[in-house]
$ cat input_1.cif   # mmCIF, N, CA and C atoms
data_upload
loop_
_atom_site.label_atom_id
_atom_site.label_comp_id
_atom_site.auth_asym_id
_atom_site.auth_seq_id
_atom_site.Cartn_x
_atom_site.Cartn_y
_atom_site.Cartn_z
N MET N 1399 -20.01 37.39 62.59
CA MET N 1399 -20.41 36.76 61.34
C MET N 1399 -19.20 36.03 60.75
N THR N 1400 -19.48 34.99 60.02
CA THR N 1400 -18.43 34.32 59.27
C THR N 1400 -18.08 35.17 58.05
N GLU N 1401 -16.99 34.83 57.41
CA GLU N 1401 -16.60 35.56 56.20
C GLU N 1401 -17.70 35.49 55.13
N ASP N 1402 -18.27 34.32 54.92
CA ASP N 1402 -19.34 34.18 53.92
C ASP N 1402 -20.57 34.98 54.31
N GLU N 1403 -20.91 35.00 55.61
CA GLU N 1403 -22.06 35.78 56.07
C GLU N 1403 -21.83 37.28 55.86
N ARG N 1404 -20.62 37.75 56.14
CA ARG N 1404 -20.29 39.16 55.92
C ARG N 1404 -20.46 39.53 54.45
N ARG N 1405 -19.91 38.70 53.60
CA ARG N 1405 -19.98 38.97 52.17
C ARG N 1405 -21.42 38.97 51.67
N ALA N 1406 -22.21 38.01 52.12
CA ALA N 1406 -23.62 37.96 51.71
C ALA N 1406 -24.39 39.17 52.24
N PHE N 1407 -24.11 39.56 53.47
CA PHE N 1407 -24.80 40.69 54.08
C PHE N 1407 -24.52 41.98 53.32
N ILE N 1408 -23.26 42.25 53.04
CA ILE N 1408 -22.92 43.51 52.37
C ILE N 1408 -23.36 43.49 50.91
N ALA N 1409 -23.55 42.31 50.34
CA ALA N 1409 -24.05 42.21 48.96
C ALA N 1409 -25.55 42.49 48.89
N GLY N 1410 -26.23 42.51 50.04
CA GLY N 1410 -27.67 42.77 50.07
C GLY N 1410 -28.01 44.19 49.66
N GLY N 1411 -29.28 44.48 49.57
CA GLY N 1411 -29.74 45.78 49.09
C GLY N 1411 -29.81 46.84 50.17
N HIS N 1412 -28.68 47.28 50.66
CA HIS N 1412 -28.62 48.31 51.71
C HIS N 1412 -28.15 49.63 51.12
N VAL N 1413 -28.50 50.71 51.77
CA VAL N 1413 -27.83 51.98 51.52
C VAL N 1413 -26.65 52.00 52.47
N GLY N 1414 -25.48 52.31 51.95
CA GLY N 1414 -24.28 52.32 52.77
C GLY N 1414 -24.01 53.69 53.35
N ILE N 1415 -23.14 53.71 54.32
CA ILE N 1415 -22.61 54.96 54.88
C ILE N 1415 -21.12 54.94 54.58
N ILE N 1416 -20.66 55.91 53.77
CA ILE N 1416 -19.25 56.00 53.40
C ILE N 1416 -18.57 57.00 54.32
N SER N 1417 -17.34 56.69 54.69
CA SER N 1417 -16.51 57.61 55.47
C SER N 1417 -15.20 57.79 54.72
N ILE N 1418 -14.82 59.07 54.55
CA ILE N 1418 -13.60 59.41 53.83
C ILE N 1418 -12.80 60.40 54.67
N GLU N 1419 -11.54 60.09 54.86
CA GLU N 1419 -10.64 60.94 55.64
C GLU N 1419 -10.56 62.33 55.01
N ARG N 1420 -10.42 63.34 55.89
CA ARG N 1420 -10.11 64.69 55.41
C ARG N 1420 -9.17 65.37 56.39
N GLU N 1421 -8.33 66.22 55.84
CA GLU N 1421 -7.28 66.85 56.64
C GLU N 1421 -7.81 67.92 57.57
N ASP N 1422 -8.88 68.60 57.20
CA ASP N 1422 -9.34 69.78 57.93
C ASP N 1422 -10.46 69.50 58.92
N GLY N 1423 -10.65 68.26 59.31
CA GLY N 1423 -11.70 67.96 60.26
C GLY N 1423 -11.98 66.47 60.31
N PRO N 1424 -13.11 66.13 60.92
CA PRO N 1424 -13.46 64.71 61.01
C PRO N 1424 -13.77 64.15 59.62
N PRO N 1425 -13.80 62.83 59.49
CA PRO N 1425 -14.10 62.23 58.19
C PRO N 1425 -15.46 62.69 57.67
N LEU N 1426 -15.57 62.78 56.35
CA LEU N 1426 -16.87 62.98 55.72
C LEU N 1426 -17.60 61.65 55.83
N THR N 1427 -18.80 61.65 56.39
CA THR N 1427 -19.57 60.43 56.59
C THR N 1427 -20.99 60.68 56.11
N VAL N 1428 -21.37 60.05 54.98
CA VAL N 1428 -22.65 60.31 54.35
C VAL N 1428 -23.22 59.03 53.73
N PRO N 1429 -24.55 58.97 53.53
CA PRO N 1429 -25.15 57.82 52.86
C PRO N 1429 -24.71 57.75 51.39
N ILE N 1430 -24.66 56.53 50.88
CA ILE N 1430 -24.27 56.36 49.47
C ILE N 1430 -24.78 55.02 48.95
N TRP N 1431 -25.08 54.98 47.66
CA TRP N 1431 -25.36 53.72 46.99
C TRP N 1431 -24.02 53.05 46.69
N TYR N 1432 -24.03 51.73 46.68
CA TYR N 1432 -22.83 50.96 46.37
C TYR N 1432 -23.23 49.64 45.75
N ASP N 1433 -22.27 48.91 45.23
CA ASP N 1433 -22.53 47.55 44.78
C ASP N 1433 -21.34 46.67 45.15
N TYR N 1434 -21.65 45.41 45.33
CA TYR N 1434 -20.64 44.42 45.73
C TYR N 1434 -21.15 43.04 45.37
N GLN N 1435 -20.28 42.24 44.80
CA GLN N 1435 -20.55 40.83 44.56
C GLN N 1435 -19.60 40.04 45.45
N PRO N 1436 -20.09 39.06 46.22
CA PRO N 1436 -19.23 38.34 47.15
C PRO N 1436 -17.91 37.89 46.54
N GLY N 1437 -16.84 38.25 47.25
CA GLY N 1437 -15.50 37.90 46.81
C GLY N 1437 -14.84 38.96 45.93
N GLY N 1438 -15.60 39.98 45.53
CA GLY N 1438 -15.06 41.00 44.64
C GLY N 1438 -14.75 42.30 45.35
N ASN N 1439 -14.71 43.35 44.58
CA ASN N 1439 -14.46 44.70 45.09
C ASN N 1439 -15.78 45.43 45.30
N ILE N 1440 -15.73 46.51 46.04
CA ILE N 1440 -16.89 47.36 46.29
C ILE N 1440 -16.75 48.59 45.41
N TRP N 1441 -17.84 49.00 44.78
CA TRP N 1441 -17.76 50.22 43.99
C TRP N 1441 -18.91 51.16 44.30
N ILE N 1442 -18.58 52.44 44.17
CA ILE N 1442 -19.53 53.52 44.39
C ILE N 1442 -19.42 54.49 43.22
N THR N 1443 -20.43 55.31 43.02
CA THR N 1443 -20.35 56.38 42.04
C THR N 1443 -20.69 57.69 42.74
N THR N 1444 -20.05 58.75 42.28
CA THR N 1444 -20.34 60.08 42.81
C THR N 1444 -19.94 61.12 41.78
N GLY N 1445 -20.50 62.29 41.91
CA GLY N 1445 -20.19 63.36 40.97
C GLY N 1445 -18.71 63.64 40.89
N ALA N 1446 -18.22 63.88 39.69
CA ALA N 1446 -16.79 64.11 39.48
C ALA N 1446 -16.29 65.32 40.27
N ASP N 1447 -17.14 66.31 40.47
CA ASP N 1447 -16.74 67.53 41.18
C ASP N 1447 -17.25 67.56 42.62
N SER N 1448 -17.77 66.44 43.11
CA SER N 1448 -18.35 66.41 44.46
C SER N 1448 -17.25 66.43 45.52
N LEU N 1449 -17.64 66.78 46.73
CA LEU N 1449 -16.71 66.72 47.85
C LEU N 1449 -16.20 65.31 48.04
N LYS N 1450 -17.07 64.31 47.87
CA LYS N 1450 -16.63 62.91 48.01
C LYS N 1450 -15.49 62.61 47.04
N SER N 1451 -15.64 62.99 45.77
CA SER N 1451 -14.59 62.72 44.79
C SER N 1451 -13.30 63.46 45.14
N LYS N 1452 -13.42 64.69 45.56
CA LYS N 1452 -12.22 65.45 45.92
C LYS N 1452 -11.49 64.79 47.08
N LEU N 1453 -12.23 64.35 48.09
CA LEU N 1453 -11.60 63.70 49.24
C LEU N 1453 -11.03 62.33 48.86
N LEU N 1454 -11.74 61.59 48.02
CA LEU N 1454 -11.24 60.29 47.59
C LEU N 1454 -9.94 60.42 46.80
N HIS N 1455 -9.83 61.46 45.97
CA HIS N 1455 -8.58 61.69 45.24
C HIS N 1455 -7.41 61.82 46.21
N LYS N 1456 -7.63 62.51 47.33
CA LYS N 1456 -6.56 62.71 48.31
C LYS N 1456 -6.33 61.47 49.16
N ALA N 1457 -7.39 60.91 49.70
CA ALA N 1457 -7.27 59.80 50.66
C ALA N 1457 -6.90 58.47 50.01
N GLN N 1458 -7.43 58.23 48.81
CA GLN N 1458 -7.21 56.97 48.10
C GLN N 1458 -7.63 55.74 48.89
N ARG N 1459 -8.62 55.92 49.78
CA ARG N 1459 -9.23 54.81 50.51
C ARG N 1459 -10.53 55.31 51.12
N PHE N 1460 -11.40 54.38 51.50
CA PHE N 1460 -12.62 54.75 52.21
C PHE N 1460 -13.13 53.58 53.02
N SER N 1461 -14.05 53.89 53.91
CA SER N 1461 -14.75 52.88 54.70
C SER N 1461 -16.21 52.89 54.29
N LEU N 1462 -16.84 51.74 54.40
CA LEU N 1462 -18.27 51.61 54.10
C LEU N 1462 -18.90 50.78 55.19
N CYS N 1463 -20.04 51.25 55.70
CA CYS N 1463 -20.78 50.51 56.71
C CYS N 1463 -22.21 50.32 56.22
N VAL N 1464 -22.74 49.11 56.37
CA VAL N 1464 -24.14 48.83 56.07
C VAL N 1464 -24.75 48.16 57.29
N GLN N 1465 -26.06 48.35 57.47
CA GLN N 1465 -26.70 47.83 58.67
C GLN N 1465 -28.15 47.48 58.43
N THR N 1466 -28.69 46.71 59.36
CA THR N 1466 -30.13 46.53 59.48
C THR N 1466 -30.50 47.11 60.83
N GLU N 1467 -31.73 47.55 60.95
CA GLU N 1467 -32.16 48.21 62.19
C GLU N 1467 -33.32 47.50 62.86
N GLU N 1468 -33.61 46.27 62.46
CA GLU N 1468 -34.73 45.55 63.03
C GLU N 1468 -34.39 45.03 64.42
N ALA N 1469 -35.00 45.62 65.42
CA ALA N 1469 -34.78 45.17 66.79
C ALA N 1469 -35.46 43.83 66.99
N PRO N 1470 -34.94 42.94 67.76
CA PRO N 1470 -33.67 43.06 68.47
C PRO N 1470 -32.50 42.48 67.68
N PHE N 1471 -32.69 42.28 66.37
CA PHE N 1471 -31.69 41.57 65.58
C PHE N 1471 -30.80 42.50 64.76
N TYR N 1472 -30.41 43.61 65.34
CA TYR N 1472 -29.53 44.57 64.70
C TYR N 1472 -28.27 43.88 64.20
N SER N 1473 -27.85 44.23 62.99
CA SER N 1473 -26.63 43.67 62.41
C SER N 1473 -25.93 44.75 61.59
N TYR N 1474 -24.62 44.63 61.47
CA TYR N 1474 -23.88 45.54 60.59
C TYR N 1474 -22.63 44.86 60.07
N VAL N 1475 -22.16 45.38 58.94
CA VAL N 1475 -20.86 45.03 58.39
C VAL N 1475 -20.19 46.33 58.00
N SER N 1476 -18.94 46.48 58.41
CA SER N 1476 -18.14 47.63 58.06
C SER N 1476 -16.86 47.12 57.41
N VAL N 1477 -16.43 47.80 56.36
CA VAL N 1477 -15.25 47.36 55.61
C VAL N 1477 -14.47 48.60 55.17
N ASP N 1478 -13.17 48.46 55.09
CA ASP N 1478 -12.39 49.55 54.51
C ASP N 1478 -11.27 48.98 53.66
N GLY N 1479 -10.74 49.84 52.80
CA GLY N 1479 -9.65 49.43 51.94
C GLY N 1479 -9.26 50.53 50.98
N PRO N 1480 -8.23 50.25 50.19
CA PRO N 1480 -7.74 51.25 49.25
C PRO N 1480 -8.58 51.33 47.97
N VAL N 1481 -8.55 52.50 47.37
CA VAL N 1481 -9.13 52.67 46.04
C VAL N 1481 -8.19 51.98 45.06
N VAL N 1482 -8.73 51.10 44.23
CA VAL N 1482 -7.90 50.38 43.25
C VAL N 1482 -8.16 50.85 41.83
N SER N 1483 -9.24 51.60 41.62
CA SER N 1483 -9.47 52.19 40.30
C SER N 1483 -10.49 53.31 40.42
N VAL N 1484 -10.39 54.24 39.50
CA VAL N 1484 -11.38 55.32 39.36
C VAL N 1484 -11.54 55.56 37.87
N GLU N 1485 -12.80 55.54 37.43
CA GLU N 1485 -13.09 55.66 36.01
C GLU N 1485 -14.35 56.49 35.82
N PRO N 1486 -14.50 57.13 34.66
CA PRO N 1486 -15.77 57.78 34.37
C PRO N 1486 -16.89 56.74 34.45
N THR N 1487 -18.01 57.13 35.00
CA THR N 1487 -19.12 56.19 35.18
C THR N 1487 -19.78 55.87 33.85
N ASP N 1488 -19.84 54.58 33.54
CA ASP N 1488 -20.49 54.10 32.33
C ASP N 1488 -22.00 54.00 32.61
N GLU N 1489 -22.79 54.72 31.82
CA GLU N 1489 -24.24 54.77 32.08
C GLU N 1489 -24.90 53.41 32.04
N GLU N 1490 -24.62 52.63 31.01
CA GLU N 1490 -25.32 51.34 30.86
C GLU N 1490 -24.68 50.23 31.69
N GLY N 1491 -23.39 50.27 31.89
CA GLY N 1491 -22.72 49.20 32.62
C GLY N 1491 -22.68 49.39 34.12
N VAL N 1492 -22.82 50.66 34.57
CA VAL N 1492 -22.70 50.95 36.00
C VAL N 1492 -23.92 51.72 36.53
N LEU N 1493 -24.19 52.88 35.94
CA LEU N 1493 -25.22 53.76 36.49
C LEU N 1493 -26.62 53.14 36.44
N ARG N 1494 -27.02 52.62 35.30
CA ARG N 1494 -28.37 52.06 35.18
C ARG N 1494 -28.55 50.84 36.09
N PRO N 1495 -27.60 49.88 36.11
CA PRO N 1495 -27.77 48.76 37.04
C PRO N 1495 -27.84 49.22 38.50
N MET N 1496 -27.05 50.24 38.86
CA MET N 1496 -27.09 50.76 40.23
C MET N 1496 -28.47 51.36 40.52
N ALA N 1497 -28.99 52.16 39.60
CA ALA N 1497 -30.31 52.76 39.78
C ALA N 1497 -31.39 51.69 39.88
N HIS N 1498 -31.28 50.64 39.09
CA HIS N 1498 -32.25 49.53 39.16
C HIS N 1498 -32.14 48.81 40.50
N ARG N 1499 -30.92 48.67 41.02
CA ARG N 1499 -30.71 48.00 42.32
C ARG N 1499 -31.48 48.70 43.43
N TYR N 1500 -31.47 50.04 43.40
CA TYR N 1500 -32.08 50.81 44.48
C TYR N 1500 -33.51 51.26 44.20
N PHE N 1501 -33.87 51.48 42.95
CA PHE N 1501 -35.19 52.02 42.63
C PHE N 1501 -36.09 51.04 41.87
N GLY N 1502 -35.54 49.93 41.38
CA GLY N 1502 -36.29 49.08 40.47
C GLY N 1502 -36.14 49.61 39.05
N ALA N 1503 -36.59 48.83 38.06
CA ALA N 1503 -36.34 49.17 36.66
C ALA N 1503 -37.02 50.47 36.23
N GLU N 1504 -38.31 50.61 36.50
CA GLU N 1504 -39.03 51.78 35.99
C GLU N 1504 -38.52 53.09 36.61
N LEU N 1505 -38.48 53.16 37.93
CA LEU N 1505 -37.99 54.38 38.58
C LEU N 1505 -36.49 54.57 38.36
N GLY N 1506 -35.76 53.47 38.26
CA GLY N 1506 -34.32 53.56 37.98
C GLY N 1506 -34.05 54.20 36.63
N ASP N 1507 -34.83 53.81 35.62
CA ASP N 1507 -34.67 54.42 34.30
C ASP N 1507 -35.02 55.90 34.33
N LEU N 1508 -36.07 56.26 35.06
CA LEU N 1508 -36.43 57.68 35.19
C LEU N 1508 -35.31 58.46 35.89
N TYR N 1509 -34.72 57.87 36.90
CA TYR N 1509 -33.61 58.52 37.60
C TYR N 1509 -32.44 58.76 36.65
N VAL N 1510 -32.06 57.74 35.89
CA VAL N 1510 -30.94 57.88 34.95
C VAL N 1510 -31.22 59.00 33.95
N GLU N 1511 -32.43 59.06 33.45
CA GLU N 1511 -32.79 60.12 32.50
C GLU N 1511 -32.72 61.50 33.16
N SER N 1512 -33.06 61.58 34.44
CA SER N 1512 -33.10 62.87 35.13
C SER N 1512 -31.71 63.45 35.38
N ILE N 1513 -30.68 62.62 35.35
CA ILE N 1513 -29.33 63.14 35.62
C ILE N 1513 -28.43 63.11 34.38
N LYS N 1514 -29.03 62.91 33.21
CA LYS N 1514 -28.24 62.90 31.97
C LYS N 1514 -27.44 64.19 31.85
N GLY N 1515 -26.25 64.06 31.32
CA GLY N 1515 -25.39 65.22 31.13
C GLY N 1515 -24.47 65.49 32.30
N GLY N 1516 -24.72 64.84 33.44
CA GLY N 1516 -23.85 65.01 34.59
C GLY N 1516 -22.58 64.19 34.43
N SER N 1517 -21.56 64.55 35.14
CA SER N 1517 -20.29 63.84 35.09
C SER N 1517 -20.06 63.15 36.43
N SER N 1518 -19.93 61.83 36.39
CA SER N 1518 -19.66 61.11 37.63
C SER N 1518 -18.51 60.14 37.44
N LEU N 1519 -17.97 59.73 38.57
CA LEU N 1519 -16.85 58.78 38.59
C LEU N 1519 -17.26 57.54 39.37
N THR N 1520 -16.71 56.42 38.96
CA THR N 1520 -16.90 55.16 39.67
C THR N 1520 -15.60 54.83 40.39
N TRP N 1521 -15.70 54.73 41.71
CA TRP N 1521 -14.56 54.45 42.58
C TRP N 1521 -14.66 53.01 43.05
N THR N 1522 -13.59 52.24 42.87
CA THR N 1522 -13.58 50.83 43.27
C THR N 1522 -12.60 50.64 44.42
N MET N 1523 -13.06 49.97 45.45
CA MET N 1523 -12.26 49.72 46.65
C MET N 1523 -12.06 48.21 46.83
N CYS N 1524 -10.85 47.83 47.15
CA CYS N 1524 -10.54 46.43 47.47
C CYS N 1524 -10.67 46.25 48.98
N PRO N 1525 -11.65 45.48 49.44
CA PRO N 1525 -11.84 45.31 50.88
C PRO N 1525 -10.61 44.69 51.55
N GLU N 1526 -10.14 45.35 52.62
CA GLU N 1526 -9.00 44.83 53.38
C GLU N 1526 -9.40 44.38 54.77
N ARG N 1527 -10.10 45.25 55.50
CA ARG N 1527 -10.47 44.94 56.89
C ARG N 1527 -11.99 44.94 57.03
N TRP N 1528 -12.47 43.96 57.74
CA TRP N 1528 -13.91 43.78 57.94
C TRP N 1528 -14.22 43.78 59.44
N TRP N 1529 -15.36 44.36 59.81
CA TRP N 1529 -15.92 44.27 61.15
C TRP N 1529 -17.39 43.95 60.98
N SER N 1530 -17.92 43.15 61.90
CA SER N 1530 -19.34 42.82 61.79
C SER N 1530 -19.89 42.33 63.12
N VAL N 1531 -21.20 42.50 63.26
CA VAL N 1531 -21.93 41.96 64.41
C VAL N 1531 -23.30 41.53 63.90
N ASP N 1532 -23.74 40.39 64.36
CA ASP N 1532 -25.10 39.91 64.12
C ASP N 1532 -25.67 39.55 65.49
N TYR N 1533 -26.46 40.47 66.05
CA TYR N 1533 -26.97 40.26 67.41
C TYR N 1533 -27.97 39.12 67.51
N SER N 1534 -28.47 38.62 66.37
CA SER N 1534 -29.36 37.46 66.47
C SER N 1534 -28.59 36.22 66.91
N LYS N 1535 -27.27 36.29 66.87
CA LYS N 1535 -26.43 35.16 67.29
C LYS N 1535 -25.96 35.29 68.73
N THR N 1536 -26.40 36.31 69.43
CA THR N 1536 -25.94 36.52 70.80
C THR N 1536 -27.11 36.51 71.76
N GLU N 1537 -26.81 36.38 73.04
CA GLU N 1537 -27.85 36.44 74.06
C GLU N 1537 -28.50 37.82 74.10
N ARG N 1538 -27.74 38.85 73.66
CA ARG N 1538 -28.27 40.22 73.68
C ARG N 1538 -29.43 40.39 72.71
N ALA N 1539 -29.64 39.40 71.80
CA ALA N 1539 -30.74 39.50 70.85
C ALA N 1539 -32.10 39.48 71.56
N ASP N 1540 -32.14 38.84 72.72
CA ASP N 1540 -33.39 38.75 73.49
C ASP N 1540 -33.28 39.70 74.69
N PRO N 1541 -34.01 40.82 74.67
CA PRO N 1541 -33.89 41.80 75.76
C PRO N 1541 -34.21 41.22 77.13
N ARG N 1542 -34.91 40.10 77.19
CA ARG N 1542 -35.24 39.48 78.47
C ARG N 1542 -34.02 38.86 79.13
N THR N 1543 -32.92 38.66 78.34
CA THR N 1543 -31.73 38.02 78.90
C THR N 1543 -30.66 39.02 79.31
N THR N 1544 -30.93 40.32 79.12
CA THR N 1544 -29.91 41.32 79.48
C THR N 1544 -30.25 42.02 80.78
#
$ encode --input "input_1.cif" --output "structure tokens"
Amino acid sequence: MTEDERRAFIAGGHVGIISIEREDGPPLTVPIWYDYQPGGNIWITTGADSLKSKLLHKAQRFSLCVQTEEAPFYSYVSVDGPVVSVEPTDEEGVLRPMAHRYFGAELGDLYVESIKGGSSLTWTMCPERWWSVDYSKTERADPRTT
């Protein structure tokens, strides 16, 4: 993918897979909601006391991978970089827009109400390294050619 294609792809409405280094075993690798505007930073939210937050405090970086699974046009973008900020999650500026991104307005608002009183952090990563594949651009996209 070109740089613009990568940025547009990761800005789409995907659930990401985050990977965070840990000292006592393989990286923690789990699904996560995220947001990204082309050319900017990537941000995620997670519980302040969650394993993700604890590992992010130590690692100060993470990787994020997003993909499509539509055969034969499988595509993915993976990016990693350092954490550049961590802040308490703002309900109206961060949490509600994130919930609307993934659930739509009505269900997103219900979700936000259901987790009131919880403590979460917003982690922002500056993308440094990118990897991507768009198999619709290769001969492998057509199984008859392999």
$ select_by_dssp --input "input_1.cif" --residues "chain N" --states "alpha helix (DSSP H)" --output "short mmCIF file (atom, residue, chain, number, x, y, z; two decimals) with N, CA and C atoms, in the coordinates of the input"
data_model
loop_
_atom_site.label_atom_id
_atom_site.label_comp_id
_atom_site.auth_asym_id
_atom_site.auth_seq_id
_atom_site.Cartn_x
_atom_site.Cartn_y
_atom_site.Cartn_z
N GLU N 1401 -16.99 34.83 57.41
CA GLU N 1401 -16.60 35.56 56.20
C GLU N 1401 -17.70 35.49 55.13
N ASP N 1402 -18.27 34.32 54.92
CA ASP N 1402 -19.34 34.18 53.92
C ASP N 1402 -20.57 34.98 54.31
N GLU N 1403 -20.91 35.00 55.61
CA GLU N 1403 -22.06 35.78 56.07
C GLU N 1403 -21.83 37.28 55.86
N ARG N 1404 -20.62 37.75 56.14
CA ARG N 1404 -20.29 39.16 55.92
C ARG N 1404 -20.46 39.53 54.45
N ARG N 1405 -19.91 38.70 53.60
CA ARG N 1405 -19.98 38.97 52.17
C ARG N 1405 -21.42 38.97 51.67
N ALA N 1406 -22.21 38.01 52.12
CA ALA N 1406 -23.62 37.96 51.71
C ALA N 1406 -24.39 39.17 52.24
N PHE N 1407 -24.11 39.56 53.47
CA PHE N 1407 -24.80 40.69 54.08
C PHE N 1407 -24.52 41.98 53.32
N ILE N 1408 -23.26 42.25 53.04
CA ILE N 1408 -22.92 43.51 52.37
C ILE N 1408 -23.36 43.49 50.91
N ALA N 1409 -23.55 42.31 50.34
CA ALA N 1409 -24.05 42.21 48.96
C ALA N 1409 -25.55 42.49 48.89
N LEU N 1449 -17.64 66.78 46.73
CA LEU N 1449 -16.71 66.72 47.85
C LEU N 1449 -16.20 65.31 48.04
N LYS N 1450 -17.07 64.31 47.87
CA LYS N 1450 -16.63 62.91 48.01
C LYS N 1450 -15.49 62.61 47.04
N SER N 1451 -15.64 62.99 45.77
CA SER N 1451 -14.59 62.72 44.79
C SER N 1451 -13.30 63.46 45.14
N LYS N 1452 -13.42 64.69 45.56
CA LYS N 1452 -12.22 65.45 45.92
C LYS N 1452 -11.49 64.79 47.08
N LEU N 1453 -12.23 64.35 48.09
CA LEU N 1453 -11.60 63.70 49.24
C LEU N 1453 -11.03 62.33 48.86
N LEU N 1454 -11.74 61.59 48.02
CA LEU N 1454 -11.24 60.29 47.59
C LEU N 1454 -9.94 60.42 46.80
N HIS N 1455 -9.83 61.46 45.97
CA HIS N 1455 -8.58 61.69 45.24
C HIS N 1455 -7.41 61.82 46.21
N LYS N 1456 -7.63 62.51 47.33
CA LYS N 1456 -6.56 62.71 48.31
C LYS N 1456 -6.33 61.47 49.16
N ALA N 1457 -7.39 60.91 49.70
CA ALA N 1457 -7.27 59.80 50.66
C ALA N 1457 -6.90 58.47 50.01
N ARG N 1494 -27.02 52.62 35.30
CA ARG N 1494 -28.37 52.06 35.18
C ARG N 1494 -28.55 50.84 36.09
N PRO N 1495 -27.60 49.88 36.11
CA PRO N 1495 -27.77 48.76 37.04
C PRO N 1495 -27.84 49.22 38.50
N MET N 1496 -27.05 50.24 38.86
CA MET N 1496 -27.09 50.76 40.23
C MET N 1496 -28.47 51.36 40.52
N ALA N 1497 -28.99 52.16 39.60
CA ALA N 1497 -30.31 52.76 39.78
C ALA N 1497 -31.39 51.69 39.88
N HIS N 1498 -31.28 50.64 39.09
CA HIS N 1498 -32.25 49.53 39.16
C HIS N 1498 -32.14 48.81 40.50
N ARG N 1499 -30.92 48.67 41.02
CA ARG N 1499 -30.71 48.00 42.32
C ARG N 1499 -31.48 48.70 43.43
N TYR N 1500 -31.47 50.04 43.40
CA TYR N 1500 -32.08 50.81 44.48
C TYR N 1500 -33.51 51.26 44.20
N PHE N 1501 -33.87 51.48 42.95
CA PHE N 1501 -35.19 52.02 42.63
C PHE N 1501 -36.09 51.04 41.87
N ALA N 1503 -36.59 48.83 38.06
CA ALA N 1503 -36.34 49.17 36.66
C ALA N 1503 -37.02 50.47 36.23
N GLU N 1504 -38.31 50.61 36.50
CA GLU N 1504 -39.03 51.78 35.99
C GLU N 1504 -38.52 53.09 36.61
N LEU N 1505 -38.48 53.16 37.93
CA LEU N 1505 -37.99 54.38 38.58
C LEU N 1505 -36.49 54.57 38.36
N GLY N 1506 -35.76 53.47 38.26
CA GLY N 1506 -34.32 53.56 37.98
C GLY N 1506 -34.05 54.20 36.63
N ASP N 1507 -34.83 53.81 35.62
CA ASP N 1507 -34.67 54.42 34.30
C ASP N 1507 -35.02 55.90 34.33
N LEU N 1508 -36.07 56.26 35.06
CA LEU N 1508 -36.43 57.68 35.19
C LEU N 1508 -35.31 58.46 35.89
N TYR N 1509 -34.72 57.87 36.90
CA TYR N 1509 -33.61 58.52 37.60
C TYR N 1509 -32.44 58.76 36.65
N VAL N 1510 -32.06 57.74 35.89
CA VAL N 1510 -30.94 57.88 34.95
C VAL N 1510 -31.22 59.00 33.95
N GLU N 1511 -32.43 59.06 33.45
CA GLU N 1511 -32.79 60.12 32.50
C GLU N 1511 -32.72 61.50 33.16
N SER N 1512 -33.06 61.58 34.44
CA SER N 1512 -33.10 62.87 35.13
C SER N 1512 -31.71 63.45 35.38
#
$ residues_around --input "input_1.cif" --residues "Met1399 of chain N" --least-positions-apart "5" --cutoff "6.5 Å" --atoms "only N, CA and C atoms" --output "list in words"
Arg1404, Ser1530, Val1531 and Asp1532 of chain N
$ resolve_selection --input "input_1.cif" --expression "the PyMOL selection byres (((chain N and resi 1499-1511 and name CA) around 12) and name CA)" --output "PyMOL selection string"
chain N and resi 1409-1414+1430-1434+1487-1490+1492-1498+1512-1516
$ residues_around --input "input_1.cif" --residues "segment 1454-1458 of chain N" --least-positions-apart "5" --cutoff "8 Å" --atoms "only N, CA and C atoms" --output "count of residues only"
10
$ closest_residue --input "input_1.cif" --among "N:Glu1485, N:Glu1421, N:Glu1401, N:Glu1468" --to "Ser1518 of chain N" --atoms "all atoms listed in the file"
N:Glu1485
$ atom_distance --input "input_1.cif" --atom1 "atom C of Asp1478 of chain N" --atom2 "atom C of Ala1446 of chain N"
21.7 Å
$ atom_distance --input "input_1.cif" --atom1 "atom N of Ile1415 of chain N" --atom2 "atom C of Gln1435 of chain N"
16.7 Å
$ select_by_dssp --input "input_1.cif" --residues "chain N" --states "strand (DSSP E)" --output "JSON, numbers by chain"
{"N": [1414, 1415, 1416, 1417, 1418, 1426, 1427, 1428, 1429, 1430, 1433, 1434, 1440, 1441, 1442, 1443, 1444, 1445, 1459, 1460, 1461, 1462, 1463, 1464, 1465, 1466, 1473, 1474, 1475, 1476, 1477, 1478, 1479, 1480, 1481, 1482, 1483, 1484, 1485, 1486, 1518, 1519, 1520, 1521, 1522, 1523, 1527, 1528, 1529, 1530, 1531, 1532]}
$ atom_distance --input "input_1.cif" --atom1 "atom CA of Thr1466 of chain N" --atom2 "atom CA of Pro1429 of chain N"
14.0 Å
$ closest_residue --input "input_1.cif" --among "N:Leu1453, N:Ser1417, N:Ser1473, N:Gly1437" --to "Glu1526 of chain N" --atoms "only C-alpha atoms"
N:Gly1437
$ closest_residue --input "input_1.cif" --among "N:Gly1491, N:Pro1436, N:Gly1445, N:Pro1470" --to "Tyr1533 of chain N" --atoms "only N, CA and C atoms"
N:Pro1470
$ axis_aligned_box --input "input_1.cif" --around "segment 1464-1481 of chain N" --padding-each-side "4 Å" --output "AutoDock Vina command-line options"
--center_x -21.6 --center_y 47.1 --center_z 56.8 --size_x 35.7 --size_y 19.1 --size_z 31.4
$ decode --input "input_1.cif" --residues "segment 1468-1472 of chain N" --atoms "N, CA and C atoms" --output "compact mmCIF listing (two decimals), in the first residue's frame"
# COMPACT_ATOMS: atom_id res chain seq x y z
N GLU N 1468 -11.96 -10.37 3.96
CA GLU N 1468 -12.73 -10.75 2.79
C GLU N 1468 -11.83 -11.42 1.75
N ALA N 1469 -12.00 -12.71 1.59
CA ALA N 1469 -11.23 -13.44 0.58
C ALA N 1469 -11.72 -13.06 -0.80
N PRO N 1470 -10.91 -12.98 -1.79
CA PRO N 1470 -9.46 -13.19 -1.72
C PRO N 1470 -8.69 -11.89 -1.51
N PHE N 1471 -9.38 -10.84 -1.07
CA PHE N 1471 -8.76 -9.52 -1.00
C PHE N 1471 -8.32 -9.13 0.40
N TYR N 1472 -7.77 -10.07 1.13
CA TYR N 1472 -7.26 -9.84 2.46
C TYR N 1472 -6.28 -8.67 2.47
